[in-house]
Structure formats: structure tokens, C-alpha cells
Amino acid sequence: MFLEKINSTSDLKKLNGEELSVLAQEIRQRLIEVVSQTGGHLASSLGAVELIIALHYCLNTPKDKIIFDVGHQAYAHKILTGRNSKFSTLRQYQGLSGFPSKDESDYDPFTSGHSSNAVSLCMGLACARDMLSKEEQFKVVSVIGDGSLSGGLCFEGLNNAGHLKKDILVVLNTNELSIAPNVGAISNYLNKIISLPVYNRFHENVGNFLKNRVPRGSRLLKLMSKFEEGIKGLFVPGMLFEELGFRYFGPIDGHDLNKLISTLKNITEIKGPRLLHVVTKKGKGCSFAENNPVKFHGISRFNINTGEVEVKKSASEKTFTEIFGNKIVELAKADNKIVAITAAMPEGTGLDKFRDNFSERFFDVGIAEPHAVCFAAGLAKQGFKPIVAIYSTFLQRAYDQIIEEVALQELPVIFAIDRAGIIGEDGVTHQGIFDIAYLRSIPNLTIMAPKDGEELEAMLDFALKLNRPAVIRYPRANVIYRNAACQPIKSGKAELLREGKNFTVIALGSMVQSAQEAIEILAKEGIQGTLISARFAAPIDLDLIKSRCERSQFIFTLEEGIRDSGFGSAIAQDLGKPVNRLGLPLEFIPHGSRELLLEKYDLTAKGIAGNIRSALKDNG
């Protein structure tokens, strides 16, 4: 009814309060219908619908800037900013991104997908604004969640904002925050008063009056200051933010459009750093998501009537994540020194089973990967065996700690790097394609990649006995799981799987199966190849590789990571002879299904066989 008429945020301002409420329901229905077909971040986006409507209603976007922390709650933002007609292409190849994207719209100042950076970005915009022409003034707003506050970068931004006193608004959106009735009633009452412009003018005028008439350092001024702090400490729930230099407003109901709009209109005119605290419900308007917000935070395609998720694997298949989760529980039963650490991803990394079985040895540190790694180092120093499970793209945030606190100290921390390689629909901010390159540059790290589930289990066994820092990377993929023994893992030793006279392929981890299939394709054409499963990205089994490559004119490396500075580059450097490096280009990989992207970059059996065939033909 109303949604079809919204082509920009200027259309939004033509609606009255009742019409905006109807629009919110229409947006929710649109979200549920599309995400049931595309998958995506449903629960968080459903919870932020009214907040996003209110922000665009009160601000002059895109001149005024809204920065969403992570951006997984921004689907309503996309719909209201001219992208509704394309919303059914969400997370599909060449369709809309599942996160804010600078390449999609002027309403998205930045491409975002990682946490805790919104306040710092807003501060940069605000400082630049204030140093530029006065005619180019605009408002800057960062929307953060309670998860954002677990990341140190968010506090760095808040600390700097409070110090510089720039005009920015931080909207803190918390889900299901418990507030005692008496505190809630008083804080809402105080918020109603202090959010009025007349109060703020009075507050400023009284302050200026006292400053001009009462000598600095006088007893009266000190007493008044103490009295004000005491009142805040008793009645203001946002005392922490007040102490950081912010004016705190809230908490208010994040689904009450009238209250959101009236409050935002008032506080956007106040000067200095402000923080508005809203409370919302994840999954609002969808019973499946409301009852299970963790499951529907990031969800695959699901049945819109039952909420059942579409299964994309056969009964004989398991994901690498499932295999890891089961194995670590098995290992922990036999060794009470094993502890597990994750950064807000117990279900995503498969550690939920460990948590349920060994709660006293499980640690979820929130969105704080640097802390997770430092924390693991401390545990390892005292004889524990920490296994840190983090997605490849998020481990980047802990690069310094991997170097300084783990590798330099030679502590036996095991990094289980999930989602290594192409992750698919979550796109450029989430593709785990850099870890081989950035980890290979660090001394003292043993880096492994299993070709299948059985090898992942064996690598975990090996890593626990190694007594040194170890990394195991594996993709977001299904694999046939036979529960059979594999060749024993020996430090830095590769596995020879096949011999042939025409070429040699050295494949790492997830690419071994595709390499095997490619060689079988070429064998039917009379082209015979050698296949080495590298197993290790560091150290590399140069003895085996050199012995086989001496017999081959054509050498190919294969990895699910960037070619530049990756596994193939290391092989080429050590061999000192031409190597055809097959992998991903040094660019940001777009969103699309994993299968489609592997095909696009010639990392399927067909694409690999084609590259080998062309190289042999061109140089034959």
C-alpha cells in the first residue's frame, strides 16, 4: 500500500504517524518473503525496522550520514533508499549486497560487514565536516548494537568522541535488555524532560551563567558539580556514557515510532556527542525469528510457513564445521586441559556442542578477536591447550596478537579457522581469502589445510601433540564423511596421491578433491598428471615437491586463497622455476553462491582441467 510509493527518503516524509506504522509492517513482510528465498540476516533486520524509518524520517539523508555497525540490521535501510525493486536479488550474484555497500547507493557512505567501527568512521566524517566549508554541514549518526560494545575499537571511538566533543549521534540498539521497572520508569521520565530543547537551552544557559559569575575553582562550583554527578549516578542508567563525555538519552522503546521520531527530532539539534539508547526485539514480527533469534540471525533459505531451513547436503555429508565440533568434544573428554574460545560465534564455529558439554572450559569473549587470542596465550602459558575457533575474515583483526602474544612466545595455541576461502553470499567483507598470505608471513606458525573431514580430525590430533602454535584452515563446505582412517600427519609432510608424466599439481586443502577430479578428466584425454596434497602451507614439503617437479615441465599450484603472496607464491619462490599458480586474484571477491564463485574463478574441476589443458597446449 505505502511501500510501493517509497522510492527515496523524501517520499517517507510525506507519511503521517499511522501510515508509518503500516509501512513498518509492509517492510517486515517484504523482509520475510525475500529472506526466505535468499537467506540472510533476518532477526536483526526485523528488529531495526522502526528505528531505521525514524532515522530517515528525521534526517536529511543522504546528505546526513548514517553508518551502520556491521550492517546486518540494515535491510529496511536498503528498502527505503531506492532499492526495494531489487531487494529480491539480495545476496545473489550481481544483486544487492547483504550489507551496506558504497558501490550500491549514495546512502551507504562505506561498505561494511565487520563490527565496532561505526563510531570511529563517524568521528572521521564529523572532523572532516568541521574543517571544511560551513556550507557543507551535515549530521552524522552511527548505529551500533550491544555486540559492538564488546569490541575495543568501539570504545576507542567513543573515548575520542567524548574528548573532541564533536557533534555526532550514536544510536545504541540493544535487544531484550532487562530494565527493572522502577529504573525504567524514572529513566524514561528523565529522558522525556532532558530530550526537550527547552531543557537543554536552560541547562546551557544556567551553565554559562555560573561560569561567567562564579569564580573558577570556587567551593560553590565544586559543590554544584558534585551534586550533578550524584544525581546522574542515582537516576541516569547511562552513567558510563556520560563519563565518556556523551549526553545519554534513554532507554526508549525501539518499536514506538512516535517516541523515536519525537526524541530524534529533539536530540539531533543538541550540540556535542549524544547517545540514544533504544531497546528492540530481534525477529520482531516473525514468530520463528522471535522464538529463535540466534538461528534466524543469519539463516539459509527457509519455508515461510513452517520456518524449516532448506537442507543442501545428503545424509552421507557433513560440514567441516560439524566435524570440527564433534571432534573437539571427543578430544576434550579425554583431556581436561583442552579449552575452547570463540568470539561471539559458538554456533557458527561448531563450538556450541563443546559449550553444552564443558561449560567451565568454554569461553565466548564477544566480538573481541584480539582479546580472544591474547586470552588464549595466557591460558597456554599455564599449561592449558586452547583451541581458538574464528572465521578467517574476522581473525584478521587479531593479526598483531597472533604475532606478538602467540608466535613470538611460541605458545601452543591452536587456531581453527572456519570459513577459509570463498564464503559465498555474505560477499566482499566476509570472503576468507587472505589468511594463507597473512599467516605465512609469521614465524613459528604451522599452517595446515585438510582435504576432507577425516584429515581435519587427524590434524586436530596432531596439533595437540605439536606443542607449538598451529593453524588449521577449512572452508564453509560439505564433505563426504566416511569416518575412516587417513594417512598419519607428519610435520611439514605432504601426501603423494597420484603420479603422471605430463604435469604436476600441488593442491592445498579444499582444492585437493577438485584437483583429483580435474586430473581424471584429463586422463580420459590421454594427459597424465601427478597430484600432491600439500597438507601444510607452512612448513612446505620441499623434498617431495622438488623430487616430483624435477620430472615435470609443467607445475601447477592450487589454493582457495589469493595467488599473490599465498601458497603458490611460496612454492614458486622455493622451487626457483616457472609455476602456474591457480587460485583467486588479488581483489575483493563479490557475493554469490560458493558454487558459482568457484566456477567464476576456475576453481572447479572443469576450470582447473581447462587451465592445465591450455597451459600444456600453449607451451607444447
# chains A, B, ... in the order shown; residues from 1 in each chain; ligands from 1

$ residues_around --residues "region 388-396 of chain A" --least-positions-apart "3" --cutoff "8 Å" --atoms "only C-alpha atoms" --output "ChimeraX atom specification"
/A:114,340-343,345,349,351,369,372-373,376,399,413-421,429-435,473

$ select_by_dssp --residues "region 454-544 of chain A" --states "strand (DSSP E)" --output "PyMOL selection string"
chain A and resi 470-473+478-480+495-498+503-507+529-533+536-538

$ residues_around --residues "Thr321 (chain A)" --least-positions-apart "2" --cutoff "8 Å" --atoms "only C-alpha atoms" --output "list in words"
Thr319, Ile323, Phe324, Gly325, Gly348, Thr349, Gly350, Asp418 and Arg476 of chain A

$ write_last_selection --atoms "N, CA and C atoms" --output "mmCIF file, in the first residue's frame"
data_model
loop_
_atom_site.group_PDB
_atom_site.id
_atom_site.type_symbol
_atom_site.label_atom_id
_atom_site.label_comp_id
_atom_site.auth_asym_id
_atom_site.auth_seq_id
_atom_site.Cartn_x
_atom_site.Cartn_y
_atom_site.Cartn_z
ATOM 1 N N THR A 319 29.374 -30.944 7.245
ATOM 2 C CA THR A 319 30.196 -29.761 7.013
ATOM 3 C C THR A 319 31.502 -29.915 7.795
ATOM 4 N N ILE A 323 32.172 -31.491 11.711
ATOM 5 C CA ILE A 323 33.232 -32.463 12.025
ATOM 6 C C ILE A 323 34.166 -31.901 13.085
ATOM 7 N N PHE A 324 34.535 -30.631 12.937
ATOM 8 C CA PHE A 324 35.372 -29.979 13.950
ATOM 9 C C PHE A 324 34.680 -29.987 15.308
ATOM 10 N N GLY A 325 33.393 -29.607 15.336
ATOM 11 C CA GLY A 325 32.657 -29.532 16.593
ATOM 12 C C GLY A 325 32.566 -30.867 17.306
ATOM 13 N N GLY A 348 28.149 -20.786 14.968
ATOM 14 C CA GLY A 348 28.774 -20.692 13.650
ATOM 15 C C GLY A 348 30.061 -21.479 13.532
ATOM 16 N N THR A 349 30.816 -21.581 14.626
ATOM 17 C CA THR A 349 32.084 -22.307 14.582
ATOM 18 C C THR A 349 31.956 -23.768 15.016
ATOM 19 N N GLY A 350 30.758 -24.172 15.426
ATOM 20 C CA GLY A 350 30.573 -25.553 15.878
ATOM 21 C C GLY A 350 30.944 -25.788 17.324
ATOM 22 N N ASP A 418 37.640 -21.253 10.502
ATOM 23 C CA ASP A 418 36.445 -21.627 9.749
ATOM 24 C C ASP A 418 36.212 -20.608 8.630
ATOM 25 N N ARG A 476 33.762 -23.265 4.280
ATOM 26 C CA ARG A 476 32.329 -23.432 4.539
ATOM 27 C C ARG A 476 31.799 -24.352 3.441
#

$ residues_around --residues "Leu456 (chain A)" --least-positions-apart "3" --cutoff "8 Å" --atoms "only C-alpha atoms" --output "list in words"
Phe320, Ile323, Phe324, Ala449, Pro450, Lys451, Asp452, Gly453, Met459, Leu460 and Ile472 of chain A

$ write_last_selection --atoms "N, CA, C and O atoms" --output "short mmCIF file (atom, residue, chain, number, x, y, z; two decimals), in the first residue's frame"
data_model
loop_
_atom_site.label_atom_id
_atom_site.label_comp_id
_atom_site.auth_asym_id
_atom_site.auth_seq_id
_atom_site.Cartn_x
_atom_site.Cartn_y
_atom_site.Cartn_z
N PHE A 320 32.53 -29.24 7.34
CA PHE A 320 33.79 -29.22 8.09
C PHE A 320 33.53 -28.71 9.52
O PHE A 320 34.15 -29.19 10.47
N ILE A 323 32.17 -31.49 11.71
CA ILE A 323 33.23 -32.46 12.02
C ILE A 323 34.17 -31.90 13.08
O ILE A 323 34.54 -32.60 14.04
N PHE A 324 34.54 -30.63 12.94
CA PHE A 324 35.37 -29.98 13.95
C PHE A 324 34.68 -29.99 15.31
O PHE A 324 35.28 -30.32 16.33
N ALA A 449 45.89 -27.46 6.14
CA ALA A 449 44.58 -27.39 5.48
C ALA A 449 44.17 -28.81 5.09
O ALA A 449 44.84 -29.45 4.28
N PRO A 450 43.09 -29.32 5.66
CA PRO A 450 42.67 -30.69 5.37
C PRO A 450 41.91 -30.80 4.05
O PRO A 450 41.19 -29.88 3.66
N LYS A 451 42.08 -31.93 3.39
CA LYS A 451 41.36 -32.17 2.15
C LYS A 451 39.97 -32.74 2.39
O LYS A 451 39.10 -32.69 1.52
N ASP A 452 39.76 -33.32 3.58
CA ASP A 452 38.47 -33.93 3.90
C ASP A 452 38.28 -33.96 5.41
O ASP A 452 39.14 -33.52 6.18
N GLY A 453 37.14 -34.49 5.84
CA GLY A 453 36.82 -34.50 7.26
C GLY A 453 37.73 -35.36 8.09
O GLY A 453 38.10 -34.99 9.23
N MET A 459 44.41 -33.78 11.83
CA MET A 459 45.19 -32.56 12.06
C MET A 459 44.96 -31.99 13.45
O MET A 459 45.88 -31.44 14.08
N LEU A 460 43.76 -32.13 13.98
CA LEU A 460 43.50 -31.71 15.35
C LEU A 460 44.29 -32.56 16.33
O LEU A 460 44.88 -32.04 17.29
N ILE A 472 44.73 -24.50 11.57
CA ILE A 472 44.03 -25.41 10.66
C ILE A 472 42.94 -24.62 9.97
O ILE A 472 42.04 -24.08 10.64
#

$ closest_residue --among "A:Gln553, A:Met511, A:Ser115, A:Lys265" --to "Pro578 (chain A)" --atoms "only C-alpha atoms"
A:Gln553

$ closest_residue --among "A:Arg91, A:Lys166, A:Lys313, A:Lys65" --to "Val143 (chain A)" --atoms "only C-alpha atoms"
A:Lys65

$ closest_residue --among "A:Asp167, A:Asp364, A:Asp564, A:Glu595" --to "Arg247 (chain A)" --atoms "only C-alpha atoms"
A:Asp167

$ select_by_dssp --residues "region 341-478 of chain A" --states "alpha helix (DSSP H)" --output "ChimeraX atom specification"
/A:352-357,369-381,392-395,399-401,435-440,453-466

$ atom_distance --atom1 "CA of Val579 (chain A)" --atom2 "CA of Leu596 (chain A)"
26.2 Å

$ residues_around --residues "region 26-34 of chain A" --least-positions-apart "4" --cutoff "9 Å" --atoms "only C-alpha atoms" --output "PyMOL selection string"
chain A and resi 1-3+21-22+38-39+42+45-46+49+75-76+79-80+84+87-90+284-286+304

$ residues_around --residues "Val309 (chain A)" --least-positions-apart "3" --cutoff "9 Å" --atoms "only C-alpha atoms" --output "short mmCIF file (atom, residue, chain, number, x, y, z; two decimals) with all heavy atoms, in the first residue's frame"
data_model
loop_
_atom_site.label_atom_id
_atom_site.label_comp_id
_atom_site.auth_asym_id
_atom_site.auth_seq_id
_atom_site.Cartn_x
_atom_site.Cartn_y
_atom_site.Cartn_z
N SER A 36 13.37 -15.53 3.04
CA SER A 36 13.01 -16.94 2.98
C SER A 36 13.50 -17.59 1.69
O SER A 36 13.71 -18.80 1.63
CB SER A 36 11.49 -17.12 3.11
OG SER A 36 10.82 -16.66 1.94
N ILE A 299 20.43 -16.80 8.42
CA ILE A 299 19.67 -18.00 8.09
C ILE A 299 19.76 -18.32 6.61
O ILE A 299 19.88 -17.42 5.78
CB ILE A 299 18.18 -17.83 8.51
CG1 ILE A 299 17.42 -19.15 8.47
CG2 ILE A 299 17.49 -16.75 7.67
CD1 ILE A 299 17.77 -20.07 9.59
N SER A 300 19.72 -19.61 6.26
CA SER A 300 19.65 -20.02 4.87
C SER A 300 18.19 -19.93 4.40
O SER A 300 17.32 -19.51 5.16
CB SER A 300 20.16 -21.45 4.72
OG SER A 300 21.49 -21.57 5.19
N ARG A 301 17.94 -20.31 3.17
CA ARG A 301 16.55 -20.35 2.68
C ARG A 301 15.69 -21.16 3.64
O ARG A 301 16.14 -22.19 4.16
CB ARG A 301 16.51 -21.01 1.30
CG ARG A 301 17.02 -20.14 0.16
CD ARG A 301 17.18 -20.98 -1.10
NE ARG A 301 15.94 -21.64 -1.46
CZ ARG A 301 15.12 -21.26 -2.44
NH1 ARG A 301 15.42 -20.19 -3.15
NH2 ARG A 301 14.03 -21.93 -2.74
N PHE A 302 14.46 -20.71 3.87
CA PHE A 302 13.60 -21.44 4.78
C PHE A 302 12.15 -21.41 4.28
O PHE A 302 11.77 -20.55 3.47
CB PHE A 302 13.68 -20.88 6.20
CG PHE A 302 13.20 -19.46 6.36
CD1 PHE A 302 11.88 -19.19 6.72
CD2 PHE A 302 14.06 -18.38 6.16
CE1 PHE A 302 11.43 -17.88 6.86
CE2 PHE A 302 13.61 -17.07 6.31
CZ PHE A 302 12.30 -16.82 6.66
N ASN A 303 11.37 -22.34 4.78
CA ASN A 303 9.96 -22.42 4.44
C ASN A 303 9.23 -21.30 5.17
O ASN A 303 9.23 -21.26 6.40
CB ASN A 303 9.40 -23.79 4.84
CG ASN A 303 7.97 -23.98 4.40
OD1 ASN A 303 7.09 -23.19 4.72
ND2 ASN A 303 7.72 -25.05 3.65
N THR A 306 6.59 -22.72 7.77
CA THR A 306 7.00 -23.54 8.92
C THR A 306 8.27 -23.07 9.58
O THR A 306 8.56 -23.44 10.72
CB THR A 306 7.20 -25.00 8.48
OG1 THR A 306 8.33 -25.07 7.58
CG2 THR A 306 5.96 -25.54 7.78
#

$ decode --residues "region 76-108 of chain A" --atoms "N, CA and C atoms" --output "mmCIF file, in the first residue's frame"
data_model
loop_
_atom_site.group_PDB
_atom_site.id
_atom_site.type_symbol
_atom_site.label_atom_id
_atom_site.label_comp_id
_atom_site.auth_asym_id
_atom_site.auth_seq_id
_atom_site.Cartn_x
_atom_site.Cartn_y
_atom_site.Cartn_z
ATOM 1 N N ALA A 76 16.018 -2.835 6.058
ATOM 2 C CA ALA A 76 14.991 -1.802 5.911
ATOM 3 C C ALA A 76 15.597 -0.537 5.318
ATOM 4 N N HIS A 77 16.824 -0.247 5.679
ATOM 5 C CA HIS A 77 17.542 0.900 5.115
ATOM 6 C C HIS A 77 17.668 0.761 3.599
ATOM 7 N N LYS A 78 17.980 -0.425 3.130
ATOM 8 C CA LYS A 78 18.085 -0.638 1.680
ATOM 9 C C LYS A 78 16.736 -0.419 1.003
ATOM 10 N N ILE A 79 15.678 -0.956 1.616
ATOM 11 C CA ILE A 79 14.341 -0.853 1.030
ATOM 12 C C ILE A 79 13.881 0.597 0.928
ATOM 13 N N LEU A 80 14.199 1.402 1.927
ATOM 14 C CA LEU A 80 13.739 2.790 1.962
ATOM 15 C C LEU A 80 14.582 3.739 1.124
ATOM 16 N N THR A 81 15.716 3.271 0.626
ATOM 17 C CA THR A 81 16.632 4.162 -0.105
ATOM 18 C C THR A 81 16.736 3.792 -1.583
ATOM 19 N N GLY A 82 15.579 3.447 -2.165
ATOM 20 C CA GLY A 82 15.513 3.240 -3.605
ATOM 21 C C GLY A 82 15.897 1.879 -4.107
ATOM 22 N N ARG A 83 16.022 0.896 -3.194
ATOM 23 C CA ARG A 83 16.473 -0.426 -3.625
ATOM 24 C C ARG A 83 15.416 -1.521 -3.432
ATOM 25 N N ASN A 84 14.184 -1.107 -3.176
ATOM 26 C CA ASN A 84 13.130 -2.094 -2.945
ATOM 27 C C ASN A 84 12.857 -2.944 -4.178
ATOM 28 N N SER A 85 12.896 -2.332 -5.365
ATOM 29 C CA SER A 85 12.596 -3.076 -6.594
ATOM 30 C C SER A 85 13.625 -4.175 -6.854
ATOM 31 N N LYS A 86 14.826 -4.007 -6.308
ATOM 32 C CA LYS A 86 15.884 -5.001 -6.498
ATOM 33 C C LYS A 86 16.093 -5.878 -5.264
ATOM 34 N N PHE A 87 15.251 -5.702 -4.258
ATOM 35 C CA PHE A 87 15.513 -6.379 -2.997
ATOM 36 C C PHE A 87 15.439 -7.899 -3.115
ATOM 37 N N SER A 88 14.696 -8.395 -4.079
ATOM 38 C CA SER A 88 14.610 -9.854 -4.272
ATOM 39 C C SER A 88 15.925 -10.443 -4.763
ATOM 40 N N THR A 89 16.870 -9.583 -5.178
ATOM 41 C CA THR A 89 18.189 -10.063 -5.620
ATOM 42 C C THR A 89 19.188 -10.082 -4.467
ATOM 43 N N LEU A 90 18.712 -9.867 -3.248
ATOM 44 C CA LEU A 90 19.580 -9.796 -2.076
ATOM 45 C C LEU A 90 20.532 -10.985 -1.999
ATOM 46 N N ARG A 91 21.817 -10.704 -1.881
ATOM 47 C CA ARG A 91 22.877 -11.710 -1.678
ATOM 48 C C ARG A 91 23.070 -12.631 -2.888
ATOM 49 N N GLN A 92 22.391 -12.327 -3.983
ATOM 50 C CA GLN A 92 22.567 -13.118 -5.193
ATOM 51 C C GLN A 92 23.663 -12.485 -6.049
ATOM 52 N N TYR A 93 24.312 -13.281 -6.866
ATOM 53 C CA TYR A 93 25.408 -12.788 -7.706
ATOM 54 C C TYR A 93 24.930 -11.634 -8.573
ATOM 55 N N GLN A 94 25.638 -10.518 -8.525
ATOM 56 C CA GLN A 94 25.336 -9.275 -9.224
ATOM 57 C C GLN A 94 24.044 -8.619 -8.747
ATOM 58 N N GLY A 95 23.524 -9.073 -7.609
ATOM 59 C CA GLY A 95 22.365 -8.443 -6.991
ATOM 60 C C GLY A 95 22.788 -7.571 -5.829
ATOM 61 N N LEU A 96 21.831 -7.237 -4.969
ATOM 62 C CA LEU A 96 22.135 -6.391 -3.820
ATOM 63 C C LEU A 96 22.996 -7.134 -2.804
ATOM 64 N N SER A 97 23.929 -6.408 -2.208
ATOM 65 C CA SER A 97 24.742 -6.956 -1.128
ATOM 66 C C SER A 97 23.894 -7.134 0.117
ATOM 67 N N GLY A 98 24.279 -8.086 0.953
ATOM 68 C CA GLY A 98 23.605 -8.271 2.227
ATOM 69 C C GLY A 98 24.032 -7.267 3.280
ATOM 70 N N PHE A 99 24.954 -6.385 2.935
ATOM 71 C CA PHE A 99 25.467 -5.378 3.857
ATOM 72 C C PHE A 99 25.473 -4.020 3.153
ATOM 73 N N PRO A 100 25.613 -2.909 3.884
ATOM 74 C CA PRO A 100 25.769 -1.614 3.216
ATOM 75 C C PRO A 100 26.932 -1.652 2.229
ATOM 76 N N SER A 101 26.751 -1.010 1.098
ATOM 77 C CA SER A 101 27.774 -1.068 0.049
ATOM 78 C C SER A 101 27.916 0.294 -0.619
ATOM 79 N N LYS A 102 29.119 0.837 -0.591
ATOM 80 C CA LYS A 102 29.391 2.136 -1.203
ATOM 81 C C LYS A 102 29.156 2.119 -2.701
ATOM 82 N N ASP A 103 29.214 0.937 -3.324
ATOM 83 C CA ASP A 103 29.034 0.827 -4.769
ATOM 84 C C ASP A 103 27.566 0.720 -5.162
ATOM 85 N N GLU A 104 26.685 0.589 -4.184
ATOM 86 C CA GLU A 104 25.258 0.426 -4.443
ATOM 87 C C GLU A 104 24.486 1.731 -4.387
ATOM 88 N N SER A 105 24.834 2.584 -3.431
ATOM 89 C CA SER A 105 23.969 3.733 -3.157
ATOM 90 C C SER A 105 24.732 4.841 -2.452
ATOM 91 N N ASP A 106 24.318 6.083 -2.724
ATOM 92 C CA ASP A 106 24.876 7.235 -2.020
ATOM 93 C C ASP A 106 24.457 7.249 -0.562
ATOM 94 N N TYR A 107 23.450 6.477 -0.214
ATOM 95 C CA TYR A 107 23.007 6.386 1.174
ATOM 96 C C TYR A 107 23.953 5.519 2.021
ATOM 97 N N ASP A 108 24.869 4.816 1.367
ATOM 98 C CA ASP A 108 25.839 3.971 2.068
ATOM 99 C C ASP A 108 27.223 4.599 1.956
#
